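Visitor: Below is data_31.cif; it holds mmCIF, C-alpha atoms and all ligand atoms.
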```cif
data_work
loop_
_atom_site.label_atom_id
_atom_site.label_comp_id
_atom_site.auth_asym_id
_atom_site.auth_seq_id
_atom_site.Cartn_x
_atom_site.Cartn_y
_atom_site.Cartn_z
CA MET A 492 -39.58 -3.44 12.92
CA ALA A 493 -36.54 -1.26 12.19
CA GLN A 494 -34.58 -2.21 9.09
CA GLU A 495 -31.10 -3.56 9.94
CA ARG A 496 -28.37 -1.23 8.77
CA VAL A 497 -26.18 -2.73 6.04
CA PHE A 498 -22.57 -1.51 5.98
CA GLY A 499 -21.01 -0.88 2.57
CA PHE A 500 -17.36 -1.97 2.38
CA GLY A 501 -14.60 -0.72 0.14
CA LEU A 502 -11.34 -2.64 -0.20
CA ILE A 503 -7.94 -1.13 -0.89
CA GLY A 504 -5.91 -4.01 -2.29
CA ALA A 505 -6.87 -7.09 -4.27
CA GLY A 506 -4.17 -9.48 -3.12
CA ALA A 507 -4.00 -12.37 -0.66
CA ILE A 508 -5.49 -10.73 2.40
CA SER A 509 -8.09 -8.66 0.52
CA THR A 510 -9.40 -11.94 -0.89
CA MET A 511 -9.98 -13.06 2.69
CA HIS A 512 -11.56 -9.68 3.51
CA ALA A 513 -14.04 -10.20 0.67
CA THR A 514 -14.89 -13.70 1.97
CA VAL A 515 -15.49 -12.29 5.45
CA ILE A 516 -17.77 -9.54 4.11
CA GLU A 517 -19.81 -12.19 2.30
CA CYS A 518 -20.27 -14.02 5.61
CA LEU A 519 -21.60 -10.97 7.48
CA PRO A 520 -25.38 -10.52 7.13
CA ASP A 521 -25.16 -6.75 7.61
CA ALA A 522 -22.23 -6.09 5.29
CA ARG A 523 -21.81 -5.96 1.53
CA LEU A 524 -18.84 -5.38 -0.72
CA VAL A 525 -19.35 -2.18 -2.71
CA GLY A 526 -16.04 -1.85 -4.50
CA VAL A 527 -12.28 -2.21 -4.67
CA THR A 528 -9.20 -0.36 -5.82
CA ALA A 529 -5.74 -1.86 -6.42
CA LEU A 530 -2.71 -1.55 -8.65
CA PRO A 531 -2.84 -2.12 -11.52
CA TYR A 532 -6.45 -1.12 -12.12
CA GLU A 533 -7.00 -4.33 -14.12
CA ALA A 534 -6.39 -6.35 -10.95
CA ALA A 535 -9.13 -4.38 -9.18
CA LEU A 536 -11.43 -4.83 -12.16
CA GLU A 537 -10.98 -8.60 -12.23
CA PHE A 538 -11.42 -8.84 -8.46
CA ALA A 539 -14.56 -6.67 -8.56
CA GLN A 540 -16.14 -8.41 -11.54
CA ALA A 541 -15.76 -11.80 -9.86
CA ARG A 542 -17.75 -10.46 -6.90
CA GLY A 543 -20.33 -8.20 -8.53
CA ALA A 544 -18.63 -5.10 -7.12
CA ARG A 545 -17.27 -1.84 -8.53
CA ALA A 546 -13.64 -1.15 -9.42
CA TYR A 547 -12.11 2.30 -8.90
CA ARG A 548 -8.95 3.66 -10.49
CA THR A 549 -7.74 5.41 -7.32
CA VAL A 550 -8.25 5.46 -3.56
CA ASP A 551 -9.71 8.97 -3.91
CA GLU A 552 -12.31 7.68 -6.36
CA LEU A 553 -13.25 4.88 -3.95
CA LEU A 554 -13.61 7.41 -1.15
CA THR A 555 -16.12 9.51 -3.08
CA ASP A 556 -18.55 6.57 -3.23
CA PRO A 557 -21.29 7.44 -0.71
CA GLU A 558 -22.29 3.76 -0.44
CA ILE A 559 -18.99 2.94 1.27
CA ASP A 560 -19.09 3.20 5.07
CA VAL A 561 -16.01 1.13 5.98
CA VAL A 562 -12.70 0.65 4.18
CA ALA A 563 -10.56 -2.45 4.71
CA ILE A 564 -6.90 -1.77 3.91
CA GLY A 565 -4.97 -4.78 2.59
CA THR A 566 -1.99 -3.15 0.89
CA PRO A 567 1.77 -3.30 1.57
CA SER A 568 2.36 -2.32 5.18
CA GLY A 569 4.27 0.90 4.50
CA LEU A 570 1.22 2.32 2.69
CA HIS A 571 -1.20 1.78 5.58
CA PRO A 572 -0.92 5.12 7.40
CA ASP A 573 -1.37 7.41 4.37
CA GLN A 574 -4.33 5.33 3.23
CA ALA A 575 -5.87 5.22 6.71
CA VAL A 576 -5.55 9.01 6.98
CA VAL A 577 -7.34 9.75 3.70
CA CYS A 578 -10.07 7.20 4.51
CA ALA A 579 -10.67 8.75 7.93
CA ARG A 580 -10.72 12.27 6.50
CA ALA A 581 -13.34 11.11 4.00
CA GLY A 582 -15.47 10.00 6.96
CA LYS A 583 -15.01 6.26 6.42
CA HIS A 584 -14.42 3.80 9.27
CA VAL A 585 -11.16 1.92 8.81
CA LEU A 586 -10.11 -1.68 9.27
CA CYS A 587 -6.36 -1.74 8.72
CA GLU A 588 -4.30 -4.88 8.30
CA LYS A 589 -1.37 -5.40 10.61
CA PRO A 590 0.92 -3.62 11.13
CA LEU A 591 -0.93 -0.32 11.46
CA ALA A 592 2.27 1.35 10.21
CA ILE A 593 5.98 0.70 10.02
CA THR A 594 6.89 3.82 12.07
CA LEU A 595 5.35 5.33 15.20
CA GLU A 596 4.96 8.60 13.33
CA GLY A 597 2.78 6.80 10.77
CA ALA A 598 0.75 5.10 13.48
CA ASP A 599 0.17 8.45 15.22
CA ARG A 600 -1.04 10.07 12.01
CA ALA A 601 -3.56 7.29 11.43
CA ILE A 602 -4.81 7.35 15.03
CA HIS A 603 -5.18 11.13 15.15
CA ALA A 604 -6.90 11.32 11.76
CA ALA A 605 -9.48 8.76 12.94
CA GLU A 606 -10.01 10.56 16.23
CA GLU A 607 -10.38 13.94 14.55
CA ALA A 608 -12.87 12.55 12.02
CA GLY A 609 -14.81 10.64 14.67
CA VAL A 610 -14.49 7.33 12.81
CA LYS A 611 -13.46 3.93 14.18
CA LEU A 612 -10.01 2.52 13.47
CA ALA A 613 -9.43 -1.21 14.01
CA VAL A 614 -6.07 -2.95 13.48
CA VAL A 615 -6.16 -6.63 12.53
CA SER A 616 -4.92 -9.05 15.16
CA GLN A 617 -7.16 -12.01 14.49
CA ARG A 618 -5.65 -14.23 17.18
CA ARG A 619 -7.24 -12.06 19.84
CA PHE A 620 -10.52 -13.58 18.69
CA ASP A 621 -9.29 -17.19 18.51
CA PRO A 622 -11.13 -19.25 21.18
CA PRO A 623 -7.95 -20.72 22.80
CA CYS A 624 -6.38 -17.25 23.09
CA VAL A 625 -9.62 -15.77 24.46
CA ALA A 626 -9.80 -18.58 27.06
CA VAL A 627 -6.19 -18.10 28.21
CA HIS A 628 -6.64 -14.34 28.39
CA ARG A 629 -9.77 -14.73 30.49
CA ALA A 630 -8.03 -17.18 32.83
CA ILE A 631 -5.13 -14.74 33.33
CA GLU A 632 -7.61 -11.96 34.17
CA GLU A 633 -9.39 -14.24 36.64
CA GLY A 634 -6.09 -15.15 38.33
CA VAL A 635 -6.39 -18.84 37.43
CA PHE A 636 -2.63 -19.08 36.76
CA GLY A 637 -1.66 -16.94 39.77
CA ARG A 638 1.20 -14.51 39.35
CA ILE A 639 2.42 -14.64 35.76
CA VAL A 640 6.20 -15.13 35.63
CA LEU A 641 6.90 -15.90 31.95
CA VAL A 642 5.07 -15.16 28.67
CA ASN A 643 6.71 -16.51 25.50
CA GLY A 644 5.63 -16.26 21.87
CA ILE A 645 7.48 -18.17 19.14
CA VAL A 646 6.82 -18.21 15.37
CA ARG A 647 8.64 -21.03 13.54
CA TYR A 648 7.60 -20.49 9.93
CA PHE A 649 9.12 -21.32 6.60
CA ARG A 650 8.81 -19.16 3.51
CA GLU A 651 10.23 -20.25 0.18
CA PRO A 652 12.61 -17.73 -1.45
CA SER A 653 9.82 -16.99 -3.97
CA TYR A 654 7.70 -15.55 -1.15
CA TYR A 655 10.10 -12.61 -1.22
CA THR A 656 11.35 -12.63 -4.80
CA ASN A 657 7.84 -12.71 -6.32
CA SER A 658 6.80 -9.64 -4.36
CA ASN A 659 7.74 -6.02 -4.90
CA TRP A 660 7.29 -5.18 -1.22
CA ARG A 661 7.85 -8.19 1.08
CA GLY A 662 11.25 -8.23 2.72
CA THR A 663 11.89 -4.53 2.08
CA TRP A 664 12.48 -1.84 4.69
CA ALA A 665 10.45 0.68 2.70
CA LEU A 666 7.20 -1.28 2.45
CA ASP A 667 7.41 -4.27 4.85
CA GLY A 668 9.20 -2.21 7.52
CA GLY A 669 11.29 -5.24 8.49
CA GLY A 670 10.97 -8.97 8.03
CA ALA A 671 10.01 -12.01 10.09
CA LEU A 672 9.31 -9.96 13.21
CA ILE A 673 7.12 -7.13 11.89
CA ASN A 674 5.32 -9.29 9.34
CA GLN A 675 4.86 -12.75 10.91
CA GLY A 676 6.04 -12.29 14.52
CA ILE A 677 3.83 -9.28 15.17
CA HIS A 678 0.91 -11.64 15.86
CA MET A 679 2.86 -13.18 18.75
CA VAL A 680 4.11 -9.80 19.94
CA ASP A 681 0.50 -8.71 20.18
CA MET A 682 -0.43 -11.94 21.96
CA VAL A 683 2.32 -11.75 24.61
CA ARG A 684 1.42 -8.10 25.21
CA TRP A 685 -2.25 -9.02 25.54
CA PHE A 686 -1.42 -11.82 27.98
CA GLY A 687 1.43 -10.17 29.89
CA GLY A 688 0.46 -6.49 29.80
CA ASP A 689 2.75 -3.59 28.95
CA ILE A 690 6.36 -4.41 28.12
CA SER A 691 8.93 -2.17 29.79
CA THR A 692 12.28 -3.38 28.36
CA VAL A 693 13.38 -5.42 25.35
CA SER A 694 16.76 -6.76 24.38
CA GLY A 695 16.93 -8.36 20.96
CA PHE A 696 18.69 -9.51 17.84
CA ALA A 697 17.38 -9.38 14.27
CA ARG A 698 19.47 -11.19 11.69
CA THR A 699 19.31 -12.26 8.03
CA LEU A 700 20.43 -15.88 8.14
CA SER A 701 18.90 -17.72 5.21
CA HIS A 702 16.99 -15.51 2.76
CA SER A 703 18.49 -12.99 0.33
CA ILE A 704 16.56 -10.03 1.69
CA GLU A 705 17.58 -6.68 3.18
CA VAL A 706 15.56 -7.23 6.39
CA GLU A 707 15.74 -9.95 9.06
CA ASP A 708 14.43 -13.47 8.52
CA THR A 709 15.10 -14.39 12.16
CA ALA A 710 14.63 -12.37 15.34
CA SER A 711 14.94 -13.22 19.01
CA ALA A 712 14.29 -10.96 21.99
CA THR A 713 13.96 -11.16 25.75
CA LEU A 714 11.27 -9.06 27.38
CA GLU A 715 10.55 -7.58 30.79
CA PHE A 716 6.95 -6.67 31.47
CA ALA A 717 5.84 -3.74 33.62
CA SER A 718 4.38 -6.35 35.99
CA GLY A 719 7.87 -7.76 36.53
CA ALA A 720 7.20 -10.90 34.48
CA LEU A 721 9.77 -11.92 31.87
CA GLY A 722 9.36 -13.37 28.40
CA VAL A 723 10.73 -14.23 25.00
CA ILE A 724 9.71 -13.40 21.45
CA GLN A 725 11.17 -15.30 18.52
CA SER A 726 10.14 -15.22 14.89
CA THR A 727 11.67 -16.76 11.80
CA THR A 728 10.66 -17.47 8.22
CA ALA A 729 13.64 -19.82 7.80
CA ALA A 730 12.62 -22.81 9.95
CA ALA A 731 12.17 -25.63 7.41
CA PRO A 732 9.81 -27.19 6.70
CA GLY A 733 7.58 -24.77 8.69
CA LEU A 734 6.69 -25.82 12.21
CA TYR A 735 4.08 -24.45 14.57
CA LEU A 736 3.75 -21.28 16.56
CA THR A 737 3.44 -21.31 20.31
CA VAL A 738 2.44 -18.93 23.01
CA GLU A 739 3.08 -19.93 26.61
CA VAL A 740 1.87 -18.40 29.84
CA LEU A 741 3.55 -19.66 32.99
CA GLY A 742 2.31 -18.62 36.41
CA ASP A 743 2.95 -19.61 40.04
CA ARG A 744 -0.50 -21.32 40.26
CA GLY A 745 -0.75 -22.77 36.75
CA SER A 746 0.34 -22.61 33.14
CA ALA A 747 -1.00 -22.93 29.60
CA VAL A 748 0.54 -23.48 26.18
CA ILE A 749 -1.18 -22.80 22.86
CA GLN A 750 0.23 -24.39 19.72
CA ASP A 751 -1.20 -22.91 16.53
CA SER A 752 -4.89 -22.86 17.52
CA GLU A 753 -4.91 -25.67 20.09
CA VAL A 754 -4.43 -25.56 23.83
CA VAL A 755 -1.80 -28.31 24.16
CA TYR A 756 -1.16 -27.77 27.88
CA TRP A 757 -3.29 -26.31 30.66
CA ASN A 758 -2.80 -27.29 34.26
CA THR A 759 -3.05 -25.64 37.65
CA LEU A 760 -2.02 -26.52 41.20
CA ASP A 761 -5.66 -27.07 42.08
CA GLY A 762 -6.04 -29.42 39.10
CA GLY A 763 -8.24 -27.21 36.93
CA GLY A 764 -8.09 -28.07 33.24
CA PRO A 765 -8.98 -25.93 30.22
CA PRO A 766 -12.57 -24.83 29.69
CA GLU A 767 -14.67 -26.28 26.86
CA LEU A 768 -13.75 -24.18 23.84
CA GLU A 769 -16.45 -23.10 21.48
CA GLY A 770 -16.24 -21.80 17.96
CA PRO A 771 -13.94 -22.34 14.98
CA LYS A 772 -10.23 -21.74 15.35
CA THR A 773 -7.96 -19.67 13.17
CA GLY A 774 -5.08 -22.10 12.58
CA SER A 775 -1.67 -21.01 11.39
CA GLY A 776 0.19 -20.35 8.11
CA THR A 777 3.34 -22.26 9.02
CA ARG A 778 4.46 -22.81 5.43
CA ASP A 779 1.71 -21.40 3.22
CA PRO A 780 1.13 -17.75 4.26
CA MET A 781 -2.62 -17.98 3.69
CA ALA A 782 -3.23 -21.45 5.16
CA PHE A 783 -5.32 -20.11 8.01
CA SER A 784 -9.04 -19.85 8.41
CA HIS A 785 -10.97 -16.62 7.91
CA THR A 786 -12.79 -17.07 11.22
CA GLY A 787 -10.52 -14.78 13.26
CA HIS A 788 -10.94 -12.01 10.70
CA LEU A 789 -14.68 -12.65 10.67
CA SER A 790 -14.86 -12.06 14.43
CA GLN A 791 -12.76 -8.94 14.12
CA PHE A 792 -14.86 -7.46 11.29
CA ARG A 793 -17.96 -8.27 13.43
CA ASP A 794 -16.37 -6.47 16.37
CA LEU A 795 -15.72 -3.38 14.25
CA LEU A 796 -19.32 -3.23 13.01
CA ASP A 797 -20.57 -3.69 16.59
CA ALA A 798 -18.19 -0.92 17.71
CA ILE A 799 -19.74 1.40 15.11
CA ILE A 800 -23.30 0.43 16.11
CA GLU A 801 -22.60 0.74 19.85
CA ASP A 802 -20.26 3.72 19.44
CA ARG A 803 -17.42 2.16 21.43
CA PRO A 804 -13.77 1.52 20.54
CA PRO A 805 -13.07 -1.68 18.58
CA ARG A 806 -11.36 -4.38 20.67
CA VAL A 807 -8.07 -3.82 18.86
CA ASP A 808 -7.99 -0.10 18.11
CA GLY A 809 -5.23 2.12 16.75
CA TRP A 810 -3.64 2.59 20.18
CA GLU A 811 -3.37 -1.17 20.65
CA GLY A 812 -1.87 -1.55 17.17
CA ARG A 813 0.62 1.21 18.00
CA LYS A 814 1.76 -0.43 21.26
CA THR A 815 2.46 -3.70 19.49
CA LEU A 816 4.35 -1.90 16.72
CA GLU A 817 6.39 -0.08 19.38
CA VAL A 818 7.65 -3.40 20.80
CA VAL A 819 8.68 -4.56 17.32
CA LEU A 820 10.55 -1.29 16.68
CA ALA A 821 12.24 -1.56 20.09
CA VAL A 822 13.61 -5.01 19.16
CA TYR A 823 15.01 -3.55 15.94
CA GLU A 824 16.59 -0.66 17.84
CA SER A 825 18.10 -3.01 20.41
CA SER A 826 19.49 -5.18 17.64
CA ARG A 827 21.04 -2.13 15.95
CA THR A 828 22.57 -0.63 19.11
CA GLY A 829 23.40 -3.82 20.99
CA ALA A 830 21.76 -2.39 24.11
CA PRO A 831 18.47 -3.04 25.93
CA VAL A 832 15.70 -0.59 24.96
CA ARG A 833 13.19 0.82 27.42
CA LEU A 834 9.57 1.45 26.51
CA PRO A 835 7.79 3.65 25.75
CA LEU A 836 10.12 4.82 22.98
CA SER A 837 10.63 8.57 23.09
N1 LIG B 901 -3.65 -10.65 9.34
C1 LIG B 901 -2.91 -11.53 8.69
O1 LIG B 901 -2.72 -12.66 9.13
C2 LIG B 901 -2.30 -11.14 7.38
C3 LIG B 901 -1.98 -12.12 6.43
C4 LIG B 901 -1.42 -11.70 5.20
C5 LIG B 901 -1.16 -10.36 4.98
N2 LIG B 901 -1.46 -9.44 5.95
C6 LIG B 901 -1.17 -8.01 5.73
O2 LIG B 901 -1.93 -7.56 4.62
C7 LIG B 901 -1.18 -6.62 3.86
C8 LIG B 901 -1.14 -7.10 2.40
O3 LIG B 901 -0.55 -8.37 2.33
P1 LIG B 901 -0.89 -9.37 1.10
O4 LIG B 901 -0.20 -10.64 1.44
O5 LIG B 901 -2.33 -9.36 0.81
O6 LIG B 901 -0.10 -8.63 -0.09
P2 LIG B 901 -0.33 -8.79 -1.66
O7 LIG B 901 0.95 -8.39 -2.31
O8 LIG B 901 -0.93 -10.14 -1.96
O9 LIG B 901 -1.47 -7.71 -2.00
C9 LIG B 901 -1.20 -6.33 -1.89
C10 LIG B 901 -2.27 -5.58 -2.68
O10 LIG B 901 -2.06 -4.18 -2.50
C11 LIG B 901 -2.32 -3.55 -3.75
N3 LIG B 901 -1.63 -2.26 -3.80
C12 LIG B 901 -0.30 -2.02 -3.78
N4 LIG B 901 -0.05 -0.70 -3.83
C13 LIG B 901 -1.26 -0.10 -3.88
C14 LIG B 901 -1.69 1.25 -3.94
N5 LIG B 901 -0.79 2.26 -3.93
N6 LIG B 901 -3.01 1.51 -3.98
C15 LIG B 901 -3.92 0.52 -3.97
N7 LIG B 901 -3.58 -0.79 -3.92
C16 LIG B 901 -2.27 -1.07 -3.86
C17 LIG B 901 -1.82 -4.52 -4.78
O11 LIG B 901 -2.49 -4.27 -6.02
C18 LIG B 901 -2.25 -5.86 -4.18
O12 LIG B 901 -3.54 -6.18 -4.61
C19 LIG B 901 0.18 -6.51 4.53
O13 LIG B 901 0.20 -5.38 5.35
C20 LIG B 901 0.29 -7.77 5.38
O14 LIG B 901 1.06 -7.57 6.54
C21 LIG B 901 -2.05 -9.81 7.11
#
```
Would you encode the structure as structure tokens?
Ligand SMILES: NC(=O)c1ccc[n+]([C@@H]2O[C@H](COP(=O)([O-])OP(=O)(O)OC[C@H]3O[C@@H](n4cnc5c(N)ncnc54)[C@H](O)[C@@H]3O)[C@@H](O)[C@H]2O)c1

Guide:
Amino acid sequence: MAQERVFGFGLIGAGAISTMHATVIECLPDARLVGVTALPYEAALEFAQARGARAYRTVDELLTDPEIDVVAIGTPSGLHPDQAVVCARAGKHVLCEKPLAITLEGADRAIHAAEEAGVKLAVVSQRRFDPPCVAVHRAIEEGVFGRIVLVNGIVRYFREPSYYTNSNWRGTWALDGGGALINQGIHMVDMVRWFGGDISTVSGFARTLSHSIEVEDTASATLEFASGALGVIQSTTAAAPGLYLTVEVLGDRGSAVIQDSEVVYWNTLDGGGPPELEGPKTGSGTRDPMAFSHTGHLSQFRDLLDAIIEDRPPRVDGWEGRKTLEVVLAVYESSRTGAPVRLPLS
């Protein structure tokens, strides 16, 4: 019998999300953590020693390790494109945390580098693997809800001031690329786009209402989809004490509402209820940023390895990550100019 291929992983970053990446790698039978790099080096060393892995002083050093097949990037968002480009050029497959980049130019560089090198590029959007979201998406595709008229995604989170003040990158334009919308709200932007299809126009506001940060802590936008459906995106990190997130799909034959990781409403004119949902759910970090399960990431890492084995695109590839980023940037532009913004951005 053929030996199962085992994928060697390298991590860039040793913070909150890289800790989850390491947990996920441990759960995958055909993956192993080879090594990690972070700043300062001592942080990488401690992280690596706790997991029997190697620590590297630089990204370049990590990339010269022939035992690494896939690199998971868990660094401040503004660093993602440069790191994705060097990983791809070194022939490594890339799993990049959201957002893929904070500019479209950055996203394009990452996508083209991966295409030129012939490696896979996946962008994290773990809710696409959450059973309630998968069930609603499937029902939309099957026409269960009829013509979709409204798709709304709302993030009502709370972050203590220390969430920003204890970090040298969160809440900065240079490294976070924005605030509540690009960091927390992007999950819902991706979800409404997945459910409603391409977005053609956005009109939005991004404001700093509670936190002492240079970017927005609250954003609200109305959307028009290419299908003609309408929708709303809202995201805040200033809703005390940290409520739930919702995504709603309303159609002329039925509607569904997901709250965190539960379907709280599903009804149709012909009386059909929600399907039996299988598998663990991701949950939501309403107050504690990392209070969600690793299961969504686990499914997404699995999908990337399967994409490599089957030589197909990952379910959320660079182009998908770019489209979601584009909607976020359009809201910021609309907020700046006071005018609706049409997509695609030129
Ligand atoms: N998918 C999700 O739900 C989710 C959740 C949390 C964070 N994230 C994303 O993960 C990324 C990191 O967030 P975090 O909360 O883990 O941040 P963090 O501050 O906890 O960790 C960042 C890590 O990056 C490392 N780093 C910084 N500059 C570096 C460099 N030049 N080279 C190598 N390493 C460097 C730091 O040493 C640190 O270990 C962000 O893009 C964020 O949007 C995603």

Visitor: Between A:Thr514, A:Ser752, A:Ser658, A:Thr692, which one has atoms that come closest to Ser718 of chain A, using all atoms listed in the file?

Guide: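 Counting all atoms listed in the file, the residue closest to Ser718 of chain A is A:Thr692.
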
Visitor: Could you check which of A:Arg803, A:Phe498, A:Gly742, A:Pro771 is closest to Gly637 of chain A, using all atoms listed in the file?

Guide: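 Selected residue with least distance to Gly637 of chain A: A:Gly742.
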
Visitor: Give the answer as one residue: which of A:Ala592, A:Leu768, A:Ala575, A:Leu641 has the shortest atom-to-atom distance to Glu715 of chain A, using only C-alpha atoms?

Guide: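 Ranked by minimum distance to Glu715 of chain A, first place goes to A:Leu641.
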
Visitor: Taking into account all atoms listed in the file, which residue in the set A:Glu588, A:Glu533, A:Glu739, A:Glu824 is nearest to Met679 of chain A?

Guide: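 When distances to Met679 of chain A are compared using all atoms listed in the file, the smallest one comes from A:Glu739.
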
Visitor: Expressed in Å to a single decimal, how great is the separation between atom CA of Pro557 of chain A and atom O14 of ligand LIG 901 (chain B)?

Guide: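 According to the coordinates, atom CA of Pro557 of chain A and atom O14 of ligand LIG 901 (chain B) are separated by 27.9 Å.
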
Visitor: When you get a chance, write out N, CA and C atoms for segment 493-507 of chain A, as a short mmCIF file (atom, residue, chain, number, x, y, z; two decimals), in the coordinates of the input.

Guide:
```cif
data_model
loop_
_atom_site.label_atom_id
_atom_site.label_comp_id
_atom_site.auth_asym_id
_atom_site.auth_seq_id
_atom_site.Cartn_x
_atom_site.Cartn_y
_atom_site.Cartn_z
N ALA A 493 -37.55 -2.09 12.87
CA ALA A 493 -36.54 -1.26 12.19
C ALA A 493 -35.70 -2.11 11.24
N GLN A 494 -35.41 -1.52 10.08
CA GLN A 494 -34.58 -2.21 9.09
C GLN A 494 -33.15 -2.29 9.62
N GLU A 495 -32.49 -3.45 9.50
CA GLU A 495 -31.10 -3.56 9.94
C GLU A 495 -30.22 -2.77 8.99
N ARG A 496 -29.29 -2.00 9.60
CA ARG A 496 -28.37 -1.23 8.77
C ARG A 496 -27.40 -2.17 8.06
N VAL A 497 -27.17 -1.93 6.78
CA VAL A 497 -26.18 -2.73 6.04
C VAL A 497 -24.98 -1.84 5.74
N PHE A 498 -23.79 -2.29 6.14
CA PHE A 498 -22.57 -1.51 5.98
C PHE A 498 -21.94 -1.80 4.62
N GLY A 499 -21.69 -0.74 3.86
CA GLY A 499 -21.01 -0.88 2.57
C GLY A 499 -19.51 -0.87 2.79
N PHE A 500 -18.81 -1.86 2.23
CA PHE A 500 -17.36 -1.97 2.38
C PHE A 500 -16.65 -1.61 1.09
N GLY A 501 -15.54 -0.91 1.24
CA GLY A 501 -14.60 -0.72 0.14
C GLY A 501 -13.30 -1.40 0.52
N LEU A 502 -12.64 -2.00 -0.46
CA LEU A 502 -11.34 -2.64 -0.20
C LEU A 502 -10.25 -1.86 -0.91
N ILE A 503 -9.15 -1.62 -0.21
CA ILE A 503 -7.94 -1.13 -0.89
C ILE A 503 -6.98 -2.31 -0.91
N GLY A 504 -6.71 -2.80 -2.12
CA GLY A 504 -5.91 -4.01 -2.29
C GLY A 504 -6.78 -5.12 -2.86
N ALA A 505 -6.16 -5.96 -3.67
CA ALA A 505 -6.87 -7.09 -4.27
C ALA A 505 -5.98 -8.32 -4.24
N GLY A 506 -5.10 -8.37 -3.22
CA GLY A 506 -4.17 -9.48 -3.12
C GLY A 506 -4.66 -10.55 -2.16
N ALA A 507 -3.69 -11.21 -1.50
CA ALA A 507 -4.00 -12.37 -0.66
C ALA A 507 -4.97 -12.00 0.46
#
```
